[in-house]
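Student: work36.cif is the file, holding mmCIF, C-alpha atoms and all ligand atoms:
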data_run
loop_
_atom_site.label_atom_id
_atom_site.label_comp_id
_atom_site.auth_asym_id
_atom_site.auth_seq_id
_atom_site.Cartn_x
_atom_site.Cartn_y
_atom_site.Cartn_z
CA MET A 1 -35.20 202.72 -0.37
CA ALA A 2 -37.20 200.49 1.93
CA ASP A 3 -35.92 196.95 2.49
CA GLN A 4 -38.61 195.24 0.50
CA GLU A 5 -37.96 197.33 -2.59
CA GLN A 6 -34.23 196.69 -2.36
CA SER A 7 -34.93 192.97 -2.17
CA THR A 8 -34.28 190.77 -5.15
CA LEU A 9 -35.82 187.76 -6.82
CA ALA A 10 -33.68 184.84 -7.94
CA LEU A 11 -33.86 183.64 -11.51
CA LYS A 12 -33.60 179.92 -12.06
CA ASN A 13 -30.09 180.32 -13.50
CA GLY A 14 -28.92 181.73 -10.16
CA HIS A 15 -28.81 185.42 -11.12
CA HIS A 16 -30.83 187.89 -9.05
CA LEU A 17 -32.83 190.92 -10.09
CA PRO A 18 -34.34 193.78 -8.07
CA ARG A 19 -38.11 193.83 -7.56
CA ILE A 20 -38.43 197.43 -8.76
CA GLY A 21 -36.70 199.07 -11.69
CA LEU A 22 -36.88 202.21 -13.77
CA GLY A 23 -38.93 202.03 -16.97
CA THR A 24 -37.67 204.08 -19.91
CA PHE A 25 -40.46 203.61 -22.47
CA GLN A 26 -41.65 206.97 -23.86
CA ALA A 27 -38.73 208.75 -22.20
CA THR A 28 -37.67 210.13 -25.53
CA GLN A 29 -37.38 213.86 -24.97
CA GLN A 30 -33.72 214.69 -25.46
CA GLY A 31 -31.86 215.02 -22.19
CA LEU A 32 -34.58 213.67 -19.93
CA VAL A 33 -33.87 209.95 -19.86
CA GLY A 34 -30.15 210.35 -19.15
CA SER A 35 -30.85 212.59 -16.16
CA ALA A 36 -33.57 210.23 -14.98
CA VAL A 37 -31.23 207.23 -15.08
CA LYS A 38 -28.51 209.10 -13.19
CA TYR A 39 -30.99 210.37 -10.62
CA ALA A 40 -32.58 206.95 -10.19
CA VAL A 41 -29.29 205.10 -9.75
CA LYS A 42 -28.17 207.64 -7.15
CA ALA A 43 -31.55 207.18 -5.42
CA GLY A 44 -30.92 203.43 -5.19
CA TYR A 45 -32.47 201.94 -8.35
CA ARG A 46 -30.42 199.06 -9.70
CA LEU A 47 -32.64 197.76 -12.53
CA ILE A 48 -33.05 199.82 -15.72
CA ASP A 49 -35.47 198.53 -18.33
CA CYS A 50 -34.47 199.54 -21.87
CA ALA A 51 -35.30 198.55 -25.44
CA SER A 52 -33.89 199.37 -28.84
CA GLY A 53 -37.45 200.22 -29.88
CA TYR A 54 -37.60 203.05 -27.33
CA GLY A 55 -35.01 205.00 -29.31
CA ASN A 56 -33.11 206.32 -26.28
CA GLN A 57 -30.41 203.76 -25.52
CA LYS A 58 -27.51 206.01 -26.58
CA GLU A 59 -28.50 208.61 -24.01
CA ILE A 60 -28.90 205.92 -21.35
CA GLY A 61 -25.44 204.60 -22.30
CA ALA A 62 -23.91 208.05 -21.84
CA ALA A 63 -25.57 208.33 -18.41
CA LEU A 64 -24.26 204.92 -17.36
CA LYS A 65 -20.77 205.88 -18.49
CA GLU A 66 -20.89 208.98 -16.28
CA LEU A 67 -22.16 206.97 -13.33
CA PHE A 68 -19.35 204.40 -13.71
CA GLU A 69 -16.71 207.11 -14.12
CA GLU A 70 -17.95 208.99 -11.06
CA GLY A 71 -17.87 205.74 -9.08
CA ALA A 72 -21.58 206.14 -8.26
CA VAL A 73 -22.20 202.48 -9.09
CA LYS A 74 -20.33 199.48 -10.45
CA ARG A 75 -21.44 197.70 -13.60
CA GLU A 76 -21.85 194.41 -11.74
CA ASP A 77 -24.26 196.04 -9.28
CA LEU A 78 -26.67 197.08 -12.02
CA PHE A 79 -29.24 194.89 -13.77
CA ILE A 80 -29.67 196.17 -17.32
CA VAL A 81 -32.50 194.85 -19.47
CA SER A 82 -32.98 195.42 -23.19
CA LYS A 83 -35.18 194.03 -25.94
CA LEU A 84 -34.90 192.92 -29.55
CA PHE A 85 -37.18 194.94 -31.82
CA GLN A 86 -39.63 193.32 -34.21
CA THR A 87 -37.56 194.10 -37.31
CA HIS A 88 -34.63 192.05 -36.05
CA HIS A 89 -35.87 188.54 -35.46
CA ALA A 90 -33.64 185.71 -36.63
CA GLY A 91 -34.76 182.97 -38.92
CA THR A 92 -36.02 182.02 -42.26
CA GLN A 93 -37.93 185.20 -43.04
CA HIS A 94 -34.64 187.00 -43.52
CA GLU A 95 -32.30 185.58 -46.08
CA ASP A 96 -29.35 185.50 -43.74
CA GLY A 97 -30.71 183.91 -40.59
CA ASP A 98 -29.25 185.24 -37.36
CA ARG A 99 -27.51 188.28 -38.84
CA ARG A 100 -29.99 190.99 -37.91
CA CYS A 101 -30.56 189.53 -34.46
CA VAL A 102 -26.80 189.44 -33.76
CA GLU A 103 -26.30 192.94 -35.16
CA SER A 104 -29.15 194.30 -33.09
CA LEU A 105 -27.70 193.03 -29.83
CA ASP A 106 -24.27 194.39 -30.78
CA GLU A 107 -25.80 197.79 -31.52
CA THR A 108 -27.68 197.76 -28.23
CA LEU A 109 -24.49 196.92 -26.33
CA GLU A 110 -22.62 199.65 -28.15
CA ASP A 111 -25.37 202.23 -27.52
CA LEU A 112 -25.53 201.33 -23.84
CA GLY A 113 -21.73 201.18 -23.63
CA LEU A 114 -21.81 197.71 -22.09
CA ASP A 115 -20.05 194.37 -22.69
CA TYR A 116 -23.07 192.35 -21.66
CA LEU A 117 -26.75 192.65 -20.78
CA ASP A 118 -28.17 191.18 -17.62
CA LEU A 119 -31.35 190.27 -19.45
CA TYR A 120 -32.27 190.34 -23.13
CA LEU A 121 -35.91 189.94 -24.13
CA ILE A 122 -37.72 189.22 -27.38
CA HIS A 123 -39.89 192.35 -27.38
CA TRP A 124 -42.92 190.86 -29.15
CA PRO A 125 -43.58 187.40 -30.59
CA PHE A 126 -43.94 188.64 -34.15
CA GLY A 127 -41.79 190.31 -36.78
CA PHE A 128 -42.02 193.33 -39.05
CA GLN A 129 -40.51 193.58 -42.48
CA GLU A 130 -37.25 195.36 -41.97
CA LYS A 131 -37.24 197.47 -45.09
CA LYS A 132 -40.55 199.16 -44.40
CA LEU A 133 -39.59 200.35 -40.95
CA ASP A 134 -36.18 201.39 -42.18
CA ASP A 135 -37.81 203.92 -44.50
CA SER A 136 -35.29 206.72 -44.86
CA GLU A 137 -38.08 209.25 -45.24
CA GLY A 138 -39.31 208.30 -41.78
CA ILE A 139 -42.84 207.87 -43.12
CA LYS A 140 -45.08 205.98 -40.77
CA GLN A 141 -47.12 203.47 -42.69
CA PRO A 142 -50.87 203.31 -41.98
CA LEU A 143 -52.02 200.31 -40.02
CA ARG A 144 -54.96 199.71 -42.31
CA LEU A 145 -55.65 200.29 -45.96
CA GLY A 146 -58.50 202.55 -47.10
CA ASP A 147 -60.94 199.63 -47.18
CA GLY A 148 -60.20 198.80 -43.55
CA SER A 149 -58.14 195.70 -44.21
CA PRO A 150 -54.72 195.34 -42.53
CA ASN A 151 -51.86 196.93 -44.40
CA PRO A 152 -49.91 193.97 -45.81
CA ILE A 153 -46.60 195.66 -45.17
CA TRP A 154 -46.98 194.65 -41.55
CA ASN A 155 -45.53 191.25 -42.00
CA ILE A 156 -46.73 188.86 -39.36
CA LYS A 157 -44.63 185.79 -38.74
CA MET A 158 -44.02 183.56 -35.82
CA GLU A 159 -40.27 183.74 -35.78
CA TYR A 160 -39.57 183.59 -32.14
CA LEU A 161 -38.39 179.99 -32.09
CA ASP A 162 -35.51 180.80 -34.45
CA THR A 163 -34.83 183.95 -32.48
CA TRP A 164 -34.77 181.97 -29.24
CA ARG A 165 -32.09 179.63 -30.65
CA CYS A 166 -30.08 182.74 -31.45
CA PHE A 167 -30.66 184.13 -27.95
CA GLU A 168 -29.28 180.90 -26.45
CA LYS A 169 -26.04 181.58 -28.33
CA PHE A 170 -25.89 185.01 -26.65
CA VAL A 171 -25.80 183.29 -23.26
CA ALA A 172 -23.11 180.88 -24.49
CA ASN A 173 -20.90 183.71 -25.78
CA GLY A 174 -21.38 185.78 -22.62
CA LYS A 175 -23.19 188.75 -24.20
CA CYS A 176 -26.33 188.09 -22.14
CA LYS A 177 -26.46 186.68 -18.62
CA SER A 178 -30.14 185.79 -18.90
CA ILE A 179 -32.69 185.69 -21.70
CA GLY A 180 -36.44 186.02 -21.74
CA VAL A 181 -39.44 187.26 -23.66
CA SER A 182 -42.05 189.99 -23.54
CA ASN A 183 -45.75 189.99 -24.39
CA PHE A 184 -45.80 186.20 -24.72
CA THR A 185 -48.85 184.07 -24.01
CA GLU A 186 -48.82 180.80 -22.11
CA GLU A 187 -48.97 178.85 -25.39
CA GLN A 188 -46.02 180.74 -26.84
CA LEU A 189 -43.96 180.26 -23.67
CA GLN A 190 -44.74 176.54 -23.73
CA GLN A 191 -43.59 176.34 -27.37
CA ILE A 192 -40.23 177.75 -26.34
CA ILE A 193 -39.99 175.51 -23.29
CA ASP A 194 -40.70 172.46 -25.47
CA MET A 195 -37.84 173.19 -27.85
CA CYS A 196 -35.26 175.10 -25.85
CA THR A 197 -32.01 174.34 -24.09
CA ILE A 198 -32.35 177.44 -21.90
CA PRO A 199 -35.89 178.22 -20.71
CA PRO A 200 -37.06 181.86 -20.57
CA ALA A 201 -36.08 183.50 -17.28
CA VAL A 202 -38.65 186.32 -17.54
CA ASN A 203 -41.85 187.24 -19.37
CA GLN A 204 -42.37 191.02 -19.39
CA ILE A 205 -46.07 191.83 -19.73
CA GLU A 206 -48.53 194.61 -18.92
CA VAL A 207 -49.54 194.37 -15.23
CA HIS A 208 -51.83 196.66 -13.23
CA PRO A 209 -55.13 196.33 -11.38
CA TYR A 210 -57.21 196.65 -14.58
CA LEU A 211 -55.36 193.65 -16.06
CA LEU A 212 -54.69 190.76 -13.70
CA GLN A 213 -54.26 187.79 -16.13
CA GLN A 214 -54.25 185.29 -13.27
CA ASN A 215 -53.82 182.25 -15.53
CA LEU A 216 -50.73 183.63 -17.19
CA HIS A 217 -49.24 184.60 -13.81
CA SER A 218 -49.96 181.13 -12.37
CA TYR A 219 -48.40 179.47 -15.40
CA CYS A 220 -45.26 181.61 -15.14
CA ALA A 221 -44.94 180.96 -11.39
CA GLU A 222 -45.36 177.22 -11.95
CA LYS A 223 -42.65 177.23 -14.66
CA ASN A 224 -40.36 179.40 -12.52
CA ILE A 225 -40.54 182.25 -15.04
CA ARG A 226 -40.41 185.64 -13.32
CA VAL A 227 -42.93 188.21 -14.51
CA MET A 228 -41.77 191.77 -15.11
CA GLY A 229 -44.84 194.01 -15.14
CA TYR A 230 -44.89 197.13 -17.28
CA SER A 231 -47.24 200.11 -17.01
CA PRO A 232 -48.06 199.71 -13.31
CA LEU A 233 -49.54 203.24 -13.40
CA GLY A 234 -51.47 202.75 -16.62
CA SER A 235 -48.89 204.69 -18.63
CA THR A 236 -49.92 207.90 -20.34
CA SER A 237 -52.70 206.35 -22.38
CA SER A 238 -56.13 207.94 -22.32
CA ASN A 239 -57.69 204.66 -23.43
CA HIS A 240 -59.45 203.93 -20.13
CA PRO A 241 -61.82 201.02 -19.50
CA GLN A 242 -65.41 202.02 -20.22
CA LYS A 243 -66.45 200.48 -16.94
CA TYR A 244 -64.50 203.07 -14.92
CA GLY A 245 -63.94 205.92 -17.37
CA VAL A 246 -60.82 207.02 -15.50
CA ASN A 247 -57.18 206.07 -15.46
CA LEU A 248 -55.72 204.07 -12.60
CA LEU A 249 -54.24 207.08 -10.85
CA SER A 250 -57.72 208.66 -10.66
CA ASN A 251 -59.65 205.53 -9.80
CA PRO A 252 -61.70 206.21 -6.62
CA VAL A 253 -60.85 202.83 -5.07
CA ILE A 254 -57.13 203.59 -5.36
CA LYS A 255 -57.60 207.16 -4.19
CA VAL A 256 -59.50 206.17 -1.04
CA ILE A 257 -56.81 203.66 -0.06
CA ALA A 258 -54.11 206.25 -0.80
CA GLU A 259 -55.82 208.84 1.41
CA LYS A 260 -56.27 206.32 4.20
CA LEU A 261 -52.55 205.49 4.20
CA GLY A 262 -51.37 209.03 3.52
CA LYS A 263 -49.69 207.91 0.30
CA THR A 264 -50.11 208.83 -3.35
CA ALA A 265 -52.17 206.78 -5.80
CA ALA A 266 -48.93 205.91 -7.65
CA GLN A 267 -47.40 204.51 -4.47
CA ILE A 268 -50.48 202.34 -3.86
CA LEU A 269 -50.37 200.97 -7.42
CA ILE A 270 -46.66 200.17 -7.24
CA LYS A 271 -46.87 198.70 -3.75
CA TRP A 272 -49.80 196.54 -4.83
CA THR A 273 -47.72 194.90 -7.56
CA THR A 274 -44.99 193.73 -5.22
CA GLN A 275 -47.27 192.93 -2.29
CA ASN A 276 -49.89 191.05 -4.31
CA ASN A 277 -47.58 188.79 -6.31
CA SER A 278 -44.28 187.42 -5.06
CA ASN A 279 -43.22 186.43 -8.61
CA LEU A 280 -43.44 189.99 -9.92
CA ILE A 281 -40.95 192.74 -10.69
CA THR A 282 -42.34 196.16 -11.57
CA ILE A 283 -40.84 198.94 -13.69
CA PRO A 284 -42.65 202.28 -13.26
CA LYS A 285 -41.42 204.89 -15.71
CA SER A 286 -40.71 208.43 -14.63
CA THR A 287 -38.34 211.16 -15.69
CA THR A 288 -39.45 213.42 -12.82
CA PRO A 289 -36.96 213.36 -9.91
CA SER A 290 -39.58 213.66 -7.14
CA ARG A 291 -41.62 210.82 -8.65
CA ILE A 292 -38.54 208.65 -9.16
CA VAL A 293 -38.04 208.79 -5.39
CA GLU A 294 -41.76 208.59 -4.59
CA ASN A 295 -42.13 205.42 -6.65
CA VAL A 296 -39.70 203.49 -4.48
CA SER A 297 -40.71 205.00 -1.13
CA LEU A 298 -42.90 202.08 -0.24
CA ASP A 299 -42.21 201.43 3.39
CA PHE A 300 -45.83 200.60 4.23
CA GLU A 301 -48.31 197.76 3.78
CA ILE A 302 -51.71 197.73 2.12
CA GLU A 303 -54.27 195.87 4.25
CA ASN A 304 -55.38 192.52 2.81
CA GLU A 305 -58.95 193.75 2.56
CA ASP A 306 -57.77 196.68 0.42
CA VAL A 307 -55.56 194.44 -1.75
CA LYS A 308 -58.74 192.45 -2.40
CA LYS A 309 -60.61 195.62 -3.41
CA ILE A 310 -57.80 196.53 -5.81
CA ASN A 311 -57.87 193.04 -7.32
CA GLU A 312 -61.59 193.45 -7.92
CA LEU A 313 -60.85 196.32 -10.34
CA ASP A 314 -59.71 193.72 -12.87
CA CYS A 315 -61.61 194.15 -16.12
CA GLY A 316 -59.11 192.64 -18.58
CA HIS A 317 -58.23 196.11 -19.86
CA ARG A 318 -55.03 196.56 -21.87
CA TYR A 319 -53.47 199.95 -22.37
CA PHE A 320 -51.12 198.43 -24.91
CA ILE A 321 -52.90 196.35 -27.46
CA SER A 322 -51.52 195.36 -30.76
CA TYR A 323 -53.12 196.37 -34.00
CA LEU A 324 -52.45 193.03 -35.60
CA LYS A 325 -55.81 191.44 -34.98
CA LYS A 326 -58.23 193.68 -36.78
CA PRO A 327 -61.54 192.84 -38.39
CA GLY A 328 -60.65 190.86 -41.49
CA ASN A 329 -57.22 189.89 -40.21
CA ASP A 330 -57.06 186.11 -39.91
CA ASN A 331 -53.87 186.00 -37.90
CA ILE A 332 -55.52 184.97 -34.68
CA TRP A 333 -52.52 183.04 -33.40
CA HIS A 334 -51.79 185.70 -30.86
CA SER A 335 -55.22 185.81 -29.30
CA GLY A 336 -53.98 185.89 -25.70
CA VAL A 337 -52.33 189.24 -26.22
CA ILE A 338 -53.96 190.80 -29.21
CA GLU A 339 -57.40 192.24 -29.14
CA GLU A 340 -59.28 194.59 -31.32
CA GLY A 341 -58.57 198.21 -30.69
CA ASN A 342 -58.28 201.65 -32.16
CA ASP A 343 -55.90 202.44 -34.95
CA ASP A 344 -54.33 204.89 -32.54
CA ASP A 345 -53.13 202.05 -30.35
CA TRP A 346 -49.53 201.29 -30.88
CA VAL A 347 -47.27 198.44 -30.05
CA ARG A 348 -45.29 199.25 -26.99
P1 LIG A 401 -43.29 211.35 -15.78
O1 LIG A 401 -42.31 210.47 -16.48
O2 LIG A 401 -43.47 212.67 -16.47
O3 LIG A 401 -42.99 211.50 -14.32
P2 LIG A 401 -46.16 203.66 -16.46
O4 LIG A 401 -44.95 203.35 -15.65
O5 LIG A 401 -47.40 202.98 -16.01
O6 LIG A 401 -45.91 203.49 -17.93
O7 LIG A 401 -46.51 205.23 -16.25
C1 LIG A 401 -45.66 206.21 -16.69
C2 LIG A 401 -46.38 207.55 -16.62
O8 LIG A 401 -46.75 207.83 -15.27
C3 LIG A 401 -45.52 208.69 -17.06
O9 LIG A 401 -46.35 209.62 -17.73
C4 LIG A 401 -44.99 209.29 -15.77
O10 LIG A 401 -44.75 210.69 -15.90
C5 LIG A 401 -46.16 209.06 -14.85
N1 LIG A 401 -45.74 208.88 -13.45
C6 LIG A 401 -44.67 208.22 -12.99
N2 LIG A 401 -44.61 208.26 -11.67
C7 LIG A 401 -45.67 208.96 -11.26
C8 LIG A 401 -46.17 209.36 -9.99
N3 LIG A 401 -45.54 209.02 -8.88
N4 LIG A 401 -47.32 210.09 -9.95
C9 LIG A 401 -47.97 210.43 -11.08
N5 LIG A 401 -47.55 210.08 -12.30
C10 LIG A 401 -46.41 209.36 -12.40
#
Would you give me this structure, written as structure tokens?
Tutor:
Amino acid sequence: MADQEQSTLALKNGHHLPRIGLGTFQATQQGLVGSAVKYAVKAGYRLIDCASGYGNQKEIGAALKELFEEGAVKREDLFIVSKLFQTHHAGTQHEDGDRRCVESLDETLEDLGLDYLDLYLIHWPFGFQEKKLDDSEGIKQPLRLGDGSPNPIWNIKMEYLDTWRCFEKFVANGKCKSIGVSNFTEEQLQQIIDMCTIPPAVNQIEVHPYLLQQNLHSYCAEKNIRVMGYSPLGSTSSNHPQKYGVNLLSNPVIKVIAEKLGKTAAQILIKWTTQNNSNLITIPKSTTPSRIVENVSLDFEIENEDVKKINELDCGHRYFISYLKKPGNDNIWHSGVIEEGNDDDWVR
């Protein structure tokens, strides 16, 4: 790995995290994610981004166990991130307060085979009713009813303040070194800052040239909250911005810069994230060995003029939009993140 990609950013609590990590979202095909994690760690990756909602933590845990047993890496040299799923918020919605939140972290630690997480994030600032998602039949509920109105089983509550209080206990009892959030707006971050003892160390959000969100980045930098950017390559979604009609990897502006530098479009996109924003960590996902290496082979610079051209691609386009704000849905509290979209769009 090149020096810059091995470099770390300090969190305000004194812990450090690498600027590039391996994403594991959508790495669900049996056998793939474990191999990817082992390959990535051996190739020099030290940050692995996980989530209980990705459904693959057991396999990642087995891979980590092998890596530790082989002596390929020590636990203390890795930075493992995970996230609390929407069914497991703490607080008044559930009759027994912190229970599900505590149980969820314990299950995550057990699945990953770890005693502690380096960073635990609230995955989204809203909750789902637990019983509906725990459906033993595995039936996926429709997002909208036949008349187009939101399906009321998707229970929308702002529970993250209670959950944050619970997260602070995880730092006190040593199960999490750092805590943070994901998909939070400036207003939601400020709400936590106003009430917390421990401020969020990180906000993980979607970051790529189609979605700059300068205000949110400036706010996070000002508050010393590191931003972890997901989907730097635009993920696998075919929901491209109308303005361009192509995904990021096929965008002509990116392709021309890639050709000029003799690099791939993916390398340009990943390099842009670290070069353009010194407060940013990026987590490209790949289960393909050659791409895992390619994505951290970034020993080059993009000229300032070209960085500017990439920034100009910004069109406020989200690949991951929530379905919670639909026509007729009055829950507009999450307007910074949630926009109208297709029923096919799914919460990441
Ligand atoms: P794969 O895992 O099969 O290698 P994002 O990180 O933006 O969510 O993007 C992840 C998607 O991009 C995955 O489909 C992944 O495929 C693909 N991908 C990852 N690295 C590269 C690369 N270097 N070139 C092209 N596609 C890539």
Student: Mind giving me the straight-line distance from atom CA of His217 of chain A to atom CA of His317 of chain A in Å, one decimal?
Tutor: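 Atom-to-atom, atom CA of His217 of chain A and atom CA of His317 of chain A are spaced 15.8 Å apart.
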Student: How would you write, as a ChimeraX atom specification, the set of residues no farther than 10 Å from ligand LIG 401 (chain A) when counting all atoms listed in the file?
Tutor: /A:22-27,32-33,36,206-208,229-237,248-250,264-270,282-297,319
Student: Near segment 61-78 of chain A, counting all atoms listed in the file, which residues have an atom at most 7 Å away, once you skip same-chain residues fewer than 2 positions from it, shown as a VMD selection string?
Tutor: chain A and resid 34 37 to 38 42 46 to 47 57 to 59 80 111 to 113
Student: Could you dump the residues just selected with C-alpha atoms as a CSV table (one decimal), keeping the file's coordinate frame?
Tutor:
chain,number,residue,atom,x,y,z
A,34,GLY,CA,-30.2,210.4,-19.2
A,37,VAL,CA,-31.2,207.2,-15.1
A,38,LYS,CA,-28.5,209.1,-13.2
A,42,LYS,CA,-28.2,207.6,-7.2
A,46,ARG,CA,-30.4,199.1,-9.7
A,47,LEU,CA,-32.6,197.8,-12.5
A,57,GLN,CA,-30.4,203.8,-25.5
A,58,LYS,CA,-27.5,206.0,-26.6
A,59,GLU,CA,-28.5,208.6,-24.0
A,80,ILE,CA,-29.7,196.2,-17.3
A,111,ASP,CA,-25.4,202.2,-27.5
A,112,LEU,CA,-25.5,201.3,-23.8
A,113,GLY,CA,-21.7,201.2,-23.6
Student: Near Gly53 of chain A, within 9 Å and counting only C-alpha atoms, which residues show up once chain neighbours fewer than 6 positions away are dropped, as a ChimeraX atom specification?
Tutor: /A:25,83-86,123,348
Student: Write the residues of the selection above to a file with C-alpha atoms, as a short mmCIF file (atom, residue, chain, number, x, y, z; two decimals), keeping the file's coordinate frame.
Tutor:
data_model
loop_
_atom_site.label_atom_id
_atom_site.label_comp_id
_atom_site.auth_asym_id
_atom_site.auth_seq_id
_atom_site.Cartn_x
_atom_site.Cartn_y
_atom_site.Cartn_z
CA PHE A 25 -40.46 203.61 -22.47
CA LYS A 83 -35.18 194.03 -25.94
CA LEU A 84 -34.90 192.92 -29.55
CA PHE A 85 -37.18 194.94 -31.82
CA GLN A 86 -39.63 193.32 -34.21
CA HIS A 123 -39.89 192.35 -27.38
CA ARG A 348 -45.29 199.25 -26.99
#
Student: Select, counting all atoms listed in the file, all protein, DNA and RNA residues no farther than 8 Å from (-41.1, 196.5, -6.7) in file coordinates, and express the selection as a ChimeraX atom specification.
Tutor: /A:4-5,18-21,270-271,273-274,280-283,296
Student: Go ahead and write the selection's residues with C-alpha atoms as a PDB file, keeping the file's coordinate frame.
Tutor:
ATOM      1  CA  GLN A   4     -38.610 195.240   0.500  1.00  0.00           C
ATOM      2  CA  GLU A   5     -37.960 197.330  -2.590  1.00  0.00           C
ATOM      3  CA  PRO A  18     -34.340 193.780  -8.070  1.00  0.00           C
ATOM      4  CA  ARG A  19     -38.110 193.830  -7.560  1.00  0.00           C
ATOM      5  CA  ILE A  20     -38.430 197.430  -8.760  1.00  0.00           C
ATOM      6  CA  GLY A  21     -36.700 199.070 -11.690  1.00  0.00           C
ATOM      7  CA  ILE A 270     -46.660 200.170  -7.240  1.00  0.00           C
ATOM      8  CA  LYS A 271     -46.870 198.700  -3.750  1.00  0.00           C
ATOM      9  CA  THR A 273     -47.720 194.900  -7.560  1.00  0.00           C
ATOM     10  CA  THR A 274     -44.990 193.730  -5.220  1.00  0.00           C
ATOM     11  CA  LEU A 280     -43.440 189.990  -9.920  1.00  0.00           C
ATOM     12  CA  ILE A 281     -40.950 192.740 -10.690  1.00  0.00           C
ATOM     13  CA  THR A 282     -42.340 196.160 -11.570  1.00  0.00           C
ATOM     14  CA  ILE A 283     -40.840 198.940 -13.690  1.00  0.00           C
ATOM     15  CA  VAL A 296     -39.700 203.490  -4.480  1.00  0.00           C
TER      16      VAL A 296
END
Student: Quick one: of A:Ile122, A:Cys315, A:Glu301, A:Leu189, who's nearest to Gly262 of chain A, counting all atoms listed in the file?
Tutor: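 Looking at the shortest contact to Gly262 of chain A, the residue is A:Glu301.
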Student: Compare A:Ser178, A:Val102, A:Ala51, A:Gly97 by their minimum atom-to-atom distance to Ser82 of chain A, counting all atoms listed in the file, and give me the closest one.
Tutor: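 Looking at the shortest contact to Ser82 of chain A, the residue is A:Ala51.
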Student: Do a neighbour search on Ile225 of chain A at 7 Å with only C-alpha atoms, toss out local chain neighbours closer than 2 positions, and write the hits as an MDAnalysis selection string.
Tutor: chainID A and resid 200:203 220:221 223 227
Student: Which residue is closest to Gln29 of chain A? Choose from A:Tyr54, A:Phe170, A:Tyr219, A:Phe300 and count only C-alpha atoms.
Tutor: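 When distances to Gln29 of chain A are compared using only C-alpha atoms, the smallest one comes from A:Tyr54.
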Student: Counting all atoms listed in the file, figure out which residue out of A:Glu186, A:Tyr116, A:Val256, A:Thr197 gets nearest to Gln213 of chain A.
Tutor: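 For Gln213 of chain A, the nearest of the candidates is A:Glu186.
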Student: Looking at A:Trp164, A:Met195, A:Ile60, A:Arg100, which one is nearest to Leu114 of chain A, with distances taken over all atoms listed in the file?
Tutor: A:Ile60
Student: Could you check how far atom CA of Met228 of chain A sits from atom CA of Leu109 of chain A, in Å to one decimal?
Tutor: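 Between these atoms lies a distance of 21.2 Å.
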Student: When you count only C-alpha atoms, which of these residues is closest to Val181 of chain A: A:Gln214, A:Thr163, A:Gln275, A:Gln204?
Tutor: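 The answer is A:Gln204, which sits nearest to Val181 of chain A.
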Student: Mind giving me the straight-line distance from atom CA of Leu313 of chain A to atom CA of Asn279 of chain A in Å, one decimal?
Tutor: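 Straight-line distance from atom CA of Leu313 of chain A to atom CA of Asn279 of chain A works out to 20.3 Å.
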Student: Quick one: residues within 7 Å of Leu117 of chain A, all atoms listed in the file, excluding same-chain residues fewer than 3 positions away - as number ranges by chain?
Tutor: A: 80-81, 120, 175-177
